[in-house]
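Text of my_file.cif, listed as mmCIF, C-alpha atoms (C1' of nucleotides):
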data_my_file
#
loop_
_atom_site.label_atom_id
_atom_site.label_comp_id
_atom_site.auth_asym_id
_atom_site.auth_seq_id
_atom_site.Cartn_x
_atom_site.Cartn_y
_atom_site.Cartn_z
CA MET I 1 -113.53 18.77 -21.97
CA GLY I 2 -117.01 17.26 -21.68
CA ASN I 3 -119.58 19.79 -20.58
CA LEU I 4 -119.48 23.56 -20.21
CA SER I 5 -118.55 23.62 -16.56
CA GLY I 6 -115.67 21.24 -17.28
CA ALA I 7 -114.44 23.57 -20.00
CA ASN I 8 -114.77 26.57 -17.70
CA ASP I 9 -112.80 24.82 -15.00
CA LEU I 10 -110.09 24.02 -17.51
CA LEU I 11 -109.93 27.62 -18.69
CA ALA I 12 -109.74 28.92 -15.14
CA ALA I 13 -107.00 26.47 -14.28
CA LEU I 14 -105.01 27.56 -17.32
CA ALA I 15 -105.44 31.20 -16.33
CA VAL I 16 -104.16 30.47 -12.84
CA ALA I 17 -101.25 28.57 -14.38
CA ARG I 18 -100.41 31.65 -16.45
CA GLU I 19 -101.02 29.83 -19.73
CA PRO I 20 -103.32 32.28 -21.53
CA ASP I 21 -102.36 31.07 -25.01
CA VAL I 22 -103.36 27.51 -24.27
CA ALA I 23 -106.57 28.78 -22.70
CA LEU I 24 -107.41 30.76 -25.84
CA GLN I 25 -106.85 27.63 -27.96
CA VAL I 26 -109.22 25.72 -25.72
CA PHE I 27 -111.76 28.50 -26.11
CA ASP I 28 -111.50 28.30 -29.91
CA GLU I 29 -112.25 24.59 -29.80
CA MET I 30 -115.37 24.96 -27.71
CA PRO I 31 -117.87 25.43 -30.60
CA ALA I 32 -116.62 22.23 -32.21
CA HIS I 33 -117.66 20.44 -29.05
CA GLY I 34 -121.06 22.03 -29.12
CA LEU I 35 -120.27 24.20 -26.09
CA VAL I 36 -121.71 27.71 -25.85
CA PRO I 37 -119.58 30.05 -23.70
CA ASP I 38 -121.32 31.63 -20.73
CA ALA I 39 -120.49 34.61 -18.51
CA TRP I 40 -117.88 32.64 -16.62
CA THR I 41 -116.18 31.58 -19.84
CA PHE I 42 -115.94 35.18 -21.03
CA SER I 43 -114.74 36.38 -17.66
CA THR I 44 -111.90 33.90 -17.72
CA LEU I 45 -111.14 34.96 -21.25
CA ILE I 46 -110.79 38.55 -20.10
CA VAL I 47 -108.34 37.44 -17.45
CA CYS I 48 -106.35 35.63 -20.14
CA HIS I 49 -106.22 38.66 -22.41
CA CYS I 50 -105.09 40.78 -19.45
CA LEU I 51 -102.33 38.28 -18.78
CA LYS I 52 -101.25 38.61 -22.39
CA ASN I 53 -101.44 42.37 -22.05
CA SER I 54 -103.92 42.55 -24.95
CA LEU I 55 -106.21 44.96 -23.19
CA ASP I 56 -108.10 45.99 -26.32
CA ASP I 57 -109.26 42.40 -26.79
CA ALA I 58 -110.18 42.23 -23.12
CA THR I 59 -112.19 45.45 -23.43
CA ARG I 60 -113.99 44.14 -26.51
CA ILE I 61 -115.08 41.01 -24.67
CA LEU I 62 -116.21 43.07 -21.70
CA ASP I 63 -118.30 45.31 -23.95
CA PHE I 64 -119.75 42.24 -25.60
CA MET I 65 -120.73 40.87 -22.20
CA VAL I 66 -122.37 44.13 -21.17
CA GLU I 67 -124.32 44.40 -24.42
CA ASN I 68 -125.55 40.84 -24.11
CA GLU I 69 -126.43 41.13 -20.45
CA LEU I 70 -123.91 38.55 -19.40
CA SER I 71 -123.26 40.82 -16.38
CA PRO I 72 -119.56 40.74 -15.63
CA SER I 73 -118.74 40.50 -11.94
CA VAL I 74 -116.83 43.07 -9.87
CA ALA I 75 -113.78 40.84 -10.06
CA THR I 76 -113.87 40.84 -13.85
CA PHE I 77 -114.20 44.60 -14.01
CA THR I 78 -111.46 45.03 -11.42
CA THR I 79 -109.11 42.78 -13.34
CA LEU I 80 -109.37 45.00 -16.37
CA VAL I 81 -109.19 48.21 -14.33
CA ASN I 82 -106.01 46.91 -12.72
CA SER I 83 -104.46 46.00 -16.03
CA PHE I 84 -105.01 49.50 -17.40
CA CYS I 85 -103.72 51.07 -14.18
CA ARG I 86 -100.55 49.02 -14.26
CA LYS I 87 -99.86 50.36 -17.71
CA GLY I 88 -100.64 53.88 -16.60
CA GLU I 89 -103.59 54.14 -18.98
CA MET I 90 -105.75 55.92 -16.46
CA GLN I 91 -108.34 57.27 -18.85
CA LYS I 92 -109.23 53.78 -20.02
CA ALA I 93 -109.23 52.55 -16.44
CA PHE I 94 -111.75 55.23 -15.51
CA GLU I 95 -113.82 54.39 -18.57
CA VAL I 96 -114.13 50.82 -17.34
CA VAL I 97 -115.22 52.11 -13.94
CA GLY I 98 -117.78 54.25 -15.76
CA VAL I 99 -119.21 51.17 -17.47
CA MET I 100 -119.29 49.40 -14.12
CA LYS I 101 -121.34 52.11 -12.51
CA LYS I 102 -123.65 52.32 -15.52
CA VAL I 103 -124.59 48.65 -15.26
CA GLY I 104 -125.00 48.94 -11.52
CA CYS I 105 -121.90 47.10 -10.48
CA GLU I 106 -120.44 48.84 -7.41
CA PRO I 107 -116.65 49.10 -7.34
CA THR I 108 -115.04 47.54 -4.28
CA ILE I 109 -112.16 48.91 -2.25
CA GLN I 110 -109.89 46.75 -4.38
CA THR I 111 -111.09 48.54 -7.50
CA TYR I 112 -110.29 51.88 -5.90
CA ASN I 113 -106.94 50.64 -4.71
CA CYS I 114 -106.02 49.79 -8.29
CA LEU I 115 -107.01 53.28 -9.39
CA ILE I 116 -105.03 54.86 -6.57
CA LYS I 117 -101.94 52.86 -7.42
CA GLY I 118 -102.34 53.79 -11.07
CA LEU I 119 -102.69 57.49 -10.25
CA CYS I 120 -99.53 57.37 -8.16
CA TYR I 121 -97.74 55.50 -10.89
CA VAL I 122 -98.42 58.26 -13.41
CA GLY I 123 -97.47 60.94 -10.89
CA ARG I 124 -100.98 62.09 -9.99
CA VAL I 125 -100.40 61.63 -6.26
CA GLU I 126 -102.62 64.52 -5.31
CA GLU I 127 -105.59 62.89 -7.02
CA ALA I 128 -104.77 59.60 -5.36
CA TYR I 129 -104.83 61.35 -2.01
CA GLU I 130 -108.11 63.02 -2.88
CA MET I 131 -109.58 59.68 -3.84
CA LEU I 132 -108.64 58.32 -0.43
CA GLY I 133 -110.41 61.30 1.14
CA LYS I 134 -113.49 60.73 -0.98
CA ILE I 135 -113.69 57.08 -0.02
CA LYS I 136 -113.43 58.04 3.64
CA LYS I 137 -116.07 60.75 3.41
CA GLU I 138 -118.61 59.78 0.85
CA SER I 139 -119.02 56.08 0.73
CA VAL I 140 -121.08 54.23 3.23
CA SER I 141 -120.36 50.69 2.23
CA ILE I 142 -116.68 51.03 1.40
CA GLU I 143 -113.84 51.92 3.72
CA PRO I 144 -110.17 52.34 2.94
CA ASP I 145 -108.09 49.37 3.99
CA ILE I 146 -104.38 49.08 4.65
CA TYR I 147 -103.74 48.57 0.95
CA THR I 148 -105.33 51.94 0.24
CA TYR I 149 -103.15 53.68 2.79
CA THR I 150 -100.04 51.87 1.66
CA ALA I 151 -100.68 52.82 -1.96
CA VAL I 152 -101.03 56.54 -1.18
CA MET I 153 -98.05 56.40 1.18
CA ASP I 154 -95.99 54.86 -1.58
CA GLY I 155 -97.13 57.60 -3.91
CA PHE I 156 -95.99 60.28 -1.48
CA CYS I 157 -92.70 58.52 -0.80
CA LYS I 158 -91.91 58.23 -4.48
CA VAL I 159 -92.11 62.00 -4.87
CA GLY I 160 -90.16 62.89 -1.75
CA ARG I 161 -93.05 63.59 0.56
CA SER I 162 -92.32 61.09 3.31
CA PRO I 163 -93.65 63.33 6.11
CA GLU I 164 -97.10 63.08 4.56
CA ALA I 165 -96.67 59.35 4.20
CA LYS I 166 -95.85 59.12 7.89
CA GLU I 167 -98.98 61.12 8.70
CA LEU I 168 -101.02 58.65 6.72
CA LEU I 169 -99.48 55.78 8.64
CA ASP I 170 -100.53 57.41 11.89
CA GLU I 171 -103.98 57.95 10.48
CA ALA I 172 -104.25 54.29 9.48
CA LEU I 173 -103.19 53.25 12.96
CA GLU I 174 -105.79 55.54 14.46
CA ALA I 175 -108.42 54.05 12.20
CA GLY I 176 -107.58 50.69 13.71
CA LEU I 177 -105.95 49.29 10.60
CA VAL I 178 -102.98 46.98 11.01
CA PRO I 179 -100.04 48.06 8.86
CA ASN I 180 -98.00 45.21 7.51
CA VAL I 181 -94.40 44.82 6.49
CA VAL I 182 -95.08 46.34 3.06
CA THR I 183 -96.56 49.46 4.64
CA TYR I 184 -93.47 49.96 6.78
CA ASN I 185 -91.09 49.12 3.96
CA THR I 186 -92.72 51.85 1.91
CA LEU I 187 -91.62 54.32 4.57
CA PHE I 188 -88.09 52.93 4.72
CA ASN I 189 -87.88 53.50 1.04
CA GLY I 190 -89.20 57.04 1.29
CA TYR I 191 -86.77 58.05 4.02
CA CYS I 192 -83.84 56.47 2.27
CA LYS I 193 -84.62 58.15 -1.03
CA GLU I 194 -84.99 61.52 0.65
CA GLY I 195 -81.68 61.42 2.44
CA LYS I 196 -83.16 60.78 5.86
CA PRO I 197 -82.16 57.14 6.20
CA VAL I 198 -81.53 57.37 9.94
CA LYS I 199 -85.25 57.90 10.42
CA GLY I 200 -85.54 54.29 9.31
CA PHE I 201 -84.45 53.20 12.78
CA GLY I 202 -87.58 54.84 14.14
CA VAL I 203 -89.65 52.83 11.68
CA LEU I 204 -87.81 49.67 12.68
CA LYS I 205 -88.59 50.34 16.31
CA LEU I 206 -92.21 51.19 15.58
CA MET I 207 -92.87 48.07 13.58
CA LYS I 208 -91.26 45.80 16.11
CA GLU I 209 -93.34 47.41 18.85
CA ARG I 210 -96.41 46.66 16.79
CA ASP I 211 -95.45 43.03 16.29
CA CYS I 212 -94.65 43.43 12.65
CA THR I 213 -91.46 41.54 11.91
CA PRO I 214 -89.10 43.26 9.49
CA ASP I 215 -88.22 41.15 6.49
CA ARG I 216 -85.12 41.17 4.36
CA ILE I 217 -86.51 43.93 2.16
CA SER I 218 -86.86 46.14 5.25
CA TYR I 219 -83.22 45.67 6.12
CA ILE I 220 -81.89 45.79 2.59
CA THR I 221 -83.72 49.06 1.96
CA LEU I 222 -82.51 50.55 5.22
CA ILE I 223 -78.89 49.47 4.89
CA HIS I 224 -78.73 50.51 1.29
CA GLY I 225 -80.06 53.95 2.17
CA LEU I 226 -77.61 54.35 5.03
CA LEU I 227 -74.71 53.37 2.81
CA LYS I 228 -75.87 55.68 0.06
CA TRP I 229 -75.90 58.62 2.43
CA GLY I 230 -72.59 57.76 4.06
CA LYS I 231 -74.03 56.73 7.41
CA ILE I 232 -71.54 53.94 7.80
CA ARG I 233 -71.73 53.47 11.55
CA ALA I 234 -75.51 53.30 11.36
CA ALA I 235 -75.27 50.87 8.46
CA LEU I 236 -73.10 48.62 10.57
CA ARG I 237 -75.69 48.83 13.34
CA ALA I 238 -78.49 47.86 10.96
CA TYR I 239 -76.35 45.10 9.52
CA LYS I 240 -75.81 43.65 12.98
CA GLU I 241 -79.51 43.86 13.71
CA MET I 242 -80.29 42.13 10.43
CA VAL I 243 -77.86 39.31 11.18
CA GLY I 244 -79.21 39.16 14.73
CA ASP I 245 -82.71 38.64 13.34
CA GLY I 246 -81.43 35.62 11.46
CA PHE I 247 -81.24 37.05 7.96
CA GLU I 248 -78.47 36.38 5.53
CA VAL I 249 -76.97 39.50 4.07
CA GLU I 250 -76.36 39.32 0.37
CA GLU I 251 -72.76 39.02 -0.68
CA ARG I 252 -72.83 42.14 -2.73
CA MET I 253 -74.18 44.25 0.09
CA SER I 254 -71.78 42.73 2.62
CA ASN I 255 -68.88 43.56 0.34
CA THR I 256 -70.11 47.12 -0.14
CA LEU I 257 -70.49 47.65 3.59
CA LEU I 258 -67.11 46.09 4.27
CA ARG I 259 -65.40 48.41 1.81
CA ALA I 260 -67.20 51.43 3.23
CA LEU I 261 -66.16 50.45 6.73
CA CYS I 262 -62.56 50.00 5.64
CA LYS I 263 -62.46 53.35 3.95
CA ILE I 264 -63.91 55.27 6.87
CA SER I 265 -61.73 53.42 9.38
CA TRP I 266 -58.64 55.06 7.92
CA LYS I 267 -59.86 58.27 9.52
CA GLU I 268 -61.99 56.92 12.33
CA ARG I 269 -59.65 54.31 13.67
CA ASP I 270 -62.02 52.78 16.20
CA LEU I 271 -63.92 51.28 13.27
CA LEU I 272 -60.88 49.40 12.08
CA ASP I 273 -61.60 46.47 14.31
CA ASP I 274 -65.26 46.45 13.27
CA ALA I 275 -64.14 46.22 9.69
CA TYR I 276 -61.80 43.35 10.42
CA GLN I 277 -64.40 41.53 12.52
CA MET I 278 -66.89 41.84 9.71
CA PHE I 279 -64.36 40.58 7.21
CA LYS I 280 -63.52 37.59 9.38
CA LYS I 281 -67.18 36.79 9.80
CA MET I 282 -67.69 36.92 6.05
CA ARG I 283 -64.69 34.69 5.52
CA SER I 284 -65.85 32.13 8.06
CA THR I 285 -69.42 32.01 6.77
CA GLY I 286 -68.29 31.38 3.24
CA CYS I 287 -69.45 34.73 1.90
CA ALA I 288 -67.65 35.40 -1.37
CA ILE I 289 -65.25 38.27 -0.85
CA ASP I 290 -64.51 40.44 -3.86
CA GLU I 291 -60.98 41.00 -4.98
CA SER I 292 -61.38 44.70 -4.30
CA SER I 293 -62.70 44.01 -0.79
CA TYR I 294 -59.56 42.02 -0.09
CA GLY I 295 -57.56 44.99 -1.26
CA PHE I 296 -59.47 47.26 1.10
CA ILE I 297 -59.10 45.06 4.16
CA ILE I 298 -55.40 44.54 3.48
CA GLN I 299 -54.84 48.24 3.16
CA THR I 300 -56.88 48.80 6.30
CA LEU I 301 -54.75 46.36 8.26
CA SER I 302 -51.63 48.06 6.93
CA VAL I 303 -52.95 51.45 7.98
CA GLY I 304 -53.49 50.01 11.43
CA ASN I 305 -49.96 48.63 11.30
CA ARG I 306 -51.29 45.10 11.66
CA ASN I 307 -48.91 43.75 9.10
CA GLU I 308 -48.87 40.09 10.09
CA GLU I 309 -52.63 40.01 9.62
CA ALA I 310 -52.35 41.95 6.38
CA LEU I 311 -49.87 39.43 5.10
CA PHE I 312 -51.91 36.47 6.28
CA ASN I 313 -54.95 37.74 4.40
CA MET I 314 -52.94 38.54 1.35
CA GLU I 315 -51.86 34.92 1.29
CA HIS I 316 -55.45 33.86 1.88
CA MET I 317 -56.50 36.04 -0.99
CA MET I 318 -54.06 34.25 -3.26
CA THR I 319 -55.39 30.91 -2.07
CA MET I 320 -58.79 32.05 -3.24
CA GLY I 321 -57.38 32.66 -6.68
CA HIS I 322 -57.10 36.45 -6.53
CA SER I 323 -53.89 38.28 -7.12
CA PRO I 324 -53.30 41.23 -4.83
CA LYS I 325 -52.83 44.68 -6.26
CA MET I 326 -49.12 45.31 -6.54
CA ILE I 327 -49.52 48.59 -4.72
CA SER I 328 -50.92 46.86 -1.62
CA LEU I 329 -48.26 44.18 -1.89
CA ALA I 330 -45.51 46.80 -1.93
CA ARG I 331 -47.11 48.53 1.05
CA VAL I 332 -47.28 45.32 3.09
CA LEU I 333 -43.75 44.28 2.18
CA ARG I 334 -42.42 47.70 3.13
CA ALA I 335 -44.12 47.43 6.50
CA LEU I 336 -42.67 43.96 7.02
CA CYS I 337 -39.21 45.26 6.20
CA ARG I 338 -39.65 48.08 8.69
CA GLU I 339 -40.46 45.46 11.30
CA GLY I 340 -37.33 43.51 10.39
CA LYS I 341 -39.25 40.63 8.85
CA LEU I 342 -37.38 40.57 5.59
CA GLY I 343 -37.47 36.76 5.40
CA LYS I 344 -41.22 36.80 5.42
CA ALA I 345 -41.32 39.52 2.80
CA LEU I 346 -38.99 37.52 0.63
CA SER I 347 -41.07 34.36 0.85
CA VAL I 348 -44.08 36.31 -0.36
CA LEU I 349 -42.08 37.61 -3.29
CA MET I 350 -41.16 34.05 -4.22
CA ASP I 351 -44.75 32.87 -4.13
CA GLU I 352 -45.57 31.49 -7.56
CA ARG I 353 -49.23 32.38 -7.26
CA LEU I 354 -48.25 36.00 -7.30
CA GLY I 355 -47.67 36.00 -11.02
CA HIS I 356 -45.45 38.91 -11.98
CA PRO I 357 -44.50 41.29 -9.20
CA SER I 358 -44.15 44.89 -10.25
CA LYS I 359 -40.95 46.90 -10.11
CA GLU I 360 -42.25 48.75 -7.04
CA VAL I 361 -42.38 45.42 -5.22
CA TYR I 362 -38.81 44.60 -6.24
CA ASN I 363 -37.73 48.08 -5.26
CA VAL I 364 -38.86 47.49 -1.69
CA ILE I 365 -36.83 44.32 -1.29
CA ILE I 366 -33.74 45.59 -3.06
CA ASN I 367 -33.87 48.73 -1.00
CA GLU I 368 -33.96 46.72 2.19
CA PHE I 369 -31.04 44.51 1.18
CA ASN I 370 -29.10 47.63 0.28
CA ARG I 371 -29.90 49.14 3.64
CA GLN I 372 -28.55 46.03 5.35
CA GLY I 373 -25.48 46.06 3.13
CA ARG I 374 -26.32 42.65 1.66
CA TRP I 375 -25.16 43.38 -1.82
CA LEU I 376 -25.23 39.81 -3.10
CA CYS I 377 -28.82 39.30 -2.04
CA ALA I 378 -29.80 42.58 -3.66
CA CYS I 379 -28.13 41.42 -6.85
CA ASN I 380 -30.05 38.15 -6.78
CA VAL I 381 -33.36 39.91 -6.45
CA TYR I 382 -32.40 42.36 -9.15
CA GLY I 383 -31.55 39.44 -11.41
CA MET I 384 -34.89 37.80 -10.64
CA ALA I 385 -36.64 40.97 -11.67
CA LEU I 386 -34.76 41.20 -14.93
CA LYS I 387 -35.65 37.58 -15.69
CA GLN I 388 -39.28 38.55 -15.32
CA GLY I 389 -38.73 41.39 -17.72
CA VAL I 390 -39.00 44.02 -14.99
CA VAL I 391 -36.38 46.70 -14.47
CA PRO I 392 -36.44 48.04 -10.90
CA GLU I 393 -35.28 51.61 -10.34
CA LYS I 394 -33.44 50.49 -7.23
CA LYS I 395 -30.03 49.08 -8.07
CA PRO I 396 -27.98 46.82 -5.81
CA GLU I 397 -25.42 48.94 -3.98
CA ASP I 398 -22.15 47.80 -2.46
CA ALA I 399 -21.08 48.65 1.05
CA LYS I 400 -19.94 52.09 -0.01
CA GLY I 401 -23.26 52.86 -1.57
CA ARG I 402 -22.04 52.61 -5.13
CA VAL I 403 -24.45 51.35 -7.70
CA SER I 404 -22.99 48.23 -9.20
CA VAL I 405 -25.35 47.67 -12.07
CA LYS I 406 -25.50 49.95 -15.00
CA SER I 407 -28.87 51.20 -15.93
CA ARG I 408 -30.11 49.99 -19.23
CA GLN I 409 -31.49 52.53 -21.58
"C1'" DG F 410 -115.76 30.38 -8.79
"C1'" DA F 411 -111.26 35.04 -10.19
"C1'" DC F 412 -109.29 40.89 -8.86
"C1'" DG F 413 -105.12 44.69 -5.05
"C1'" DG F 414 -98.63 46.51 -1.88
"C1'" DG F 415 -92.67 46.98 -1.16
"C1'" DA F 416 -86.05 47.02 -2.23
"C1'" DA F 417 -81.32 46.85 -4.29
"C1'" DT F 418 -77.69 45.09 -7.72
"C1'" DC F 419 -69.60 48.44 -7.08
#

Can the structure in the file be given as structure tokens, please?
Amino acid sequence: MGNLSGANDLLAALAVAREPDVALQVFDEMPAHGLVPDAWTFSTLIVCHCLKNSLDDATRILDFMVENELSPSVATFTTLVNSFCRKGEMQKAFEVVGVMKKVGCEPTIQTYNCLIKGLCYVGRVEEAYEMLGKIKKESVSIEPDIYTYTAVMDGFCKVGRSPEAKELLDEALEAGLVPNVVTYNTLFNGYCKEGKPVKGFGVLKLMKERDCTPDRISYITLIHGLLKWGKIRAALRAYKEMVGDGFEVEERMSNTLLRALCKISWKERDLLDDAYQMFKKMRSTGCAIDESSYGFIIQTLSVGNRNEEALFNMEHMMTMGHSPKMISLARVLRALCREGKLGKALSVLMDERLGHPSKEVYNVIINEFNRQGRWLCACNVYGMALKQGVVPEKKPEDAKGRVSVKSRQ
DNA sequence: GACGGGAATC
């Protein structure tokens, strides 16, 4: 490590690389090399102890520095203040600030921002807000920045006070500060938590007007909130906007939205096509479609009497290695029979990938053969079922409607 | 010379 500045550089590099343990080993070896730690060495050491979350050790070193007039810098103090705040140990954080002031080291806005975040974290939002007010009023050299506003806004949003958060945003804008994507995302989150997710569209508009590009967190927060509060049409709108902005929607969220769309389309039929379009888009872009989502879209197509498409996707589903729920299979087969497409229904039944069809599925086919008076065919299917160990309730009937198979007990 | 924001997970 050569000289002291070389050792200090090494320690700093290790701290940046998040290797505090190695750094502490290096520190221990310094005396053997005849190196006497200086203020910079101790400062880096404090950073390392903070990284390790050993804040007592960090505090001890800081006290040692103060006692020996190694004057820690604002950054060093702030590092420790931040570490205490992140753990919610506000009293200790304030004690550090007390030491700072005693030795004549003025806190910066970053120091205050750490305190504000900490106060919000432990639920003392009111004090955080007061601290913002104090900074505005009392200090001459320090002014709140966008981090300060964002922190207090987040505090308000976390306790369901989004209107006050919005007021703060307006205030920041008036003060000439430039909110960034995090500031806006804080509001999305607040609105969505409070059950006012549609207000998120206003935020979206506002940020775009102010040349702040929404990121994926903006959209994910918004869409999730809309889904949570049952605003399915709006969620679809946000989804389209997200895709339009060039973002990929996560598979899980796409599947959730798809299922929600399917479900609501059973009552609000105009959404049926939106659901199917979305499904097709997911399929074509290689988005993994859950087994349950397949079930939903198949049922949706059945509800819309689009049985060919339902069948097609059921077959596609099997290609993807999923087996359809027997209840949806029975529903689709029944619809096919109604349309006179018994051959098609039969070929599905014979599909090996299907595994073991349930008795309800066999019932549908046997019933149809009975209806057409095709007794022999009905018997064949019945036999197939028995071979699979399934006993359908429907029995083959002859032309006079007599049951020709005795029920087994 | 170093120190400060945000989301969800069927």

Notebook entry, point to check: What does the distance between atom CA of Lys117 of chain I and atom CA of Gly133 of chain I come to in Å, to one decimal place?
Noted result: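 So the answer is 14.7 Å.
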
For chain I against chain F, which residues fall within 9 Å using only C-alpha atoms (C1' of nucleotides), given as a PDB file with C-alpha atoms, in the frame of the given file?
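Just written: iface25.pdb:
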ATOM      1  CA  ASP I   9    -112.800  24.820 -15.000  1.00  0.00           C
ATOM      2  CA  ALA I  12    -109.740  28.920 -15.140  1.00  0.00           C
ATOM      3  CA  VAL I  16    -104.160  30.470 -12.840  1.00  0.00           C
ATOM      4  CA  TRP I  40    -117.880  32.640 -16.620  1.00  0.00           C
ATOM      5  CA  SER I  43    -114.740  36.380 -17.660  1.00  0.00           C
ATOM      6  CA  THR I  44    -111.900  33.900 -17.720  1.00  0.00           C
ATOM      7  CA  VAL I  47    -108.340  37.440 -17.450  1.00  0.00           C
ATOM      8  CA  VAL I  74    -116.830  43.070  -9.870  1.00  0.00           C
ATOM      9  CA  ALA I  75    -113.780  40.840 -10.060  1.00  0.00           C
ATOM     10  CA  THR I  76    -113.870  40.840 -13.850  1.00  0.00           C
ATOM     11  CA  PHE I  77    -114.200  44.600 -14.010  1.00  0.00           C
ATOM     12  CA  THR I  78    -111.460  45.030 -11.420  1.00  0.00           C
ATOM     13  CA  THR I  79    -109.110  42.780 -13.340  1.00  0.00           C
ATOM     14  CA  LEU I  80    -109.370  45.000 -16.370  1.00  0.00           C
ATOM     15  CA  ASN I  82    -106.010  46.910 -12.720  1.00  0.00           C
ATOM     16  CA  ILE I 109    -112.160  48.910  -2.250  1.00  0.00           C
ATOM     17  CA  GLN I 110    -109.890  46.750  -4.380  1.00  0.00           C
ATOM     18  CA  THR I 111    -111.090  48.540  -7.500  1.00  0.00           C
ATOM     19  CA  TYR I 112    -110.290  51.880  -5.900  1.00  0.00           C
ATOM     20  CA  ASN I 113    -106.940  50.640  -4.710  1.00  0.00           C
ATOM     21  CA  CYS I 114    -106.020  49.790  -8.290  1.00  0.00           C
ATOM     22  CA  TYR I 147    -103.740  48.570   0.950  1.00  0.00           C
ATOM     23  CA  THR I 148    -105.330  51.940   0.240  1.00  0.00           C
ATOM     24  CA  THR I 150    -100.040  51.870   1.660  1.00  0.00           C
ATOM     25  CA  ALA I 151    -100.680  52.820  -1.960  1.00  0.00           C
ATOM     26  CA  ASP I 154     -95.990  54.860  -1.580  1.00  0.00           C
ATOM     27  CA  VAL I 181     -94.400  44.820   6.490  1.00  0.00           C
ATOM     28  CA  VAL I 182     -95.080  46.340   3.060  1.00  0.00           C
ATOM     29  CA  THR I 183     -96.560  49.460   4.640  1.00  0.00           C
ATOM     30  CA  TYR I 184     -93.470  49.960   6.780  1.00  0.00           C
ATOM     31  CA  ASN I 185     -91.090  49.120   3.960  1.00  0.00           C
ATOM     32  CA  THR I 186     -92.720  51.850   1.910  1.00  0.00           C
ATOM     33  CA  ASN I 189     -87.880  53.500   1.040  1.00  0.00           C
ATOM     34  CA  ARG I 216     -85.120  41.170   4.360  1.00  0.00           C
ATOM     35  CA  ILE I 217     -86.510  43.930   2.160  1.00  0.00           C
ATOM     36  CA  SER I 218     -86.860  46.140   5.250  1.00  0.00           C
ATOM     37  CA  TYR I 219     -83.220  45.670   6.120  1.00  0.00           C
ATOM     38  CA  ILE I 220     -81.890  45.790   2.590  1.00  0.00           C
ATOM     39  CA  THR I 221     -83.720  49.060   1.960  1.00  0.00           C
ATOM     40  CA  LEU I 222     -82.510  50.550   5.220  1.00  0.00           C
ATOM     41  CA  HIS I 224     -78.730  50.510   1.290  1.00  0.00           C
ATOM     42  CA  ARG I 252     -72.830  42.140  -2.730  1.00  0.00           C
ATOM     43  CA  MET I 253     -74.180  44.250   0.090  1.00  0.00           C
ATOM     44  CA  ASN I 255     -68.880  43.560   0.340  1.00  0.00           C
ATOM     45  CA  THR I 256     -70.110  47.120  -0.140  1.00  0.00           C
TER      46      THR I 256
END

Note to self: Counting only C-alpha atoms (C1' of nucleotides), which residues sit no farther than 12 Å from the position (-60.1, 50.2, 14.9) in the file's frame? I'd like them as a count of residues only.
What the structure shows: 26

Notebook entry, point to check: Quick one: residues within 8 Å of Leu354 of chain I, all atoms listed in the file counted, chain neighbours fewer than 2 positions away excluded, as a list of chain:residue names?
Noted result: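 After dropping sequence-adjacent residues, the list is I:Met318, I:Ser323, I:Pro324, I:Leu349, I:Met350, I:Asp351, I:Glu352, I:His356, I:Pro357.
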
Checklist line | Length of the atom CA of Lys87 of chain I to atom CA of Lys136 of chain I vector [Å] | finding: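 Separating atom CA of Lys87 of chain I from atom CA of Lys136 of chain I is a distance of 26.4 Å.
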
Check: Mind pulling up the distance from atom CA of Ala310 of chain I to atom CA of Phe369 of chain I?
Finding: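 Spanning atom CA of Phe369 of chain I to atom CA of Ala310 of chain I is a straight-line distance of 22.1 Å.
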
Next item on the list: Just say which residues the PyMOL selection byres ((chain I and resi 385-393) around 8) picks in this file, as a count of residues only.
Entry: 12

Next item on the list: Pick out the residues sitting within 12 Å of Phe64 of chain I, and hand them over as a list of chain:residue names; count all atoms listed in the file, and ignore anything fewer than 5 positions along from it in its own chain.
Entry: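 Within the cut-off, the hits are I:Asp38, I:Ala39, I:Phe42, I:Ser43, I:Ile46, I:Asp57, I:Ala58, I:Thr59, I:Glu69, I:Leu70, I:Ser71, I:Pro72.
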
Taking all atoms of chain F that the file lists and extending 3 Å past them on each side, where is the centre of the axis-aligned box and how long are its edges? Answer in Å to one decimal, as JSON.
{"center_x": -92.7, "center_y": 39.4, "center_z": -5.7, "size_x": 52.2, "size_y": 24.1, "size_z": 15.0}

Note to self: Starting from the PyMOL selection byres ((chain I and resi 336-342) around 12), expand the selection into actual residues of this file and give them as number ranges by chain.
What the structure shows: I: 302, 305-312, 329-335, 343-349, 361, 363-372, 374, 377

Checklist line | Residue neighbourhood Cys287 of chain I, 10 Å, all atoms listed in the file, exclusion window fewer than 5 positions, as a VMD selection string | finding: chain I and resid 248 to 252 254 to 255 279 to 282

Mind checking which residues fall within 7 Å of segment 120-132 of chain I, counting all atoms listed in the file, ignoring those fewer than 3 positions away in the same chain, and posting them as a tab-separated table (two decimals) with C-alpha atoms, keeping the file's coordinate frame?
chain	number	residue	atom	x	y	z
I	88	GLY	CA	-100.64	53.88	-16.60
I	116	ILE	CA	-105.03	54.86	-6.57
I	117	LYS	CA	-101.94	52.86	-7.42
I	135	ILE	CA	-113.69	57.08	-0.02
I	136	LYS	CA	-113.43	58.04	3.64
I	152	VAL	CA	-101.03	56.54	-1.18
I	155	GLY	CA	-97.13	57.60	-3.91
I	156	PHE	CA	-95.99	60.28	-1.48
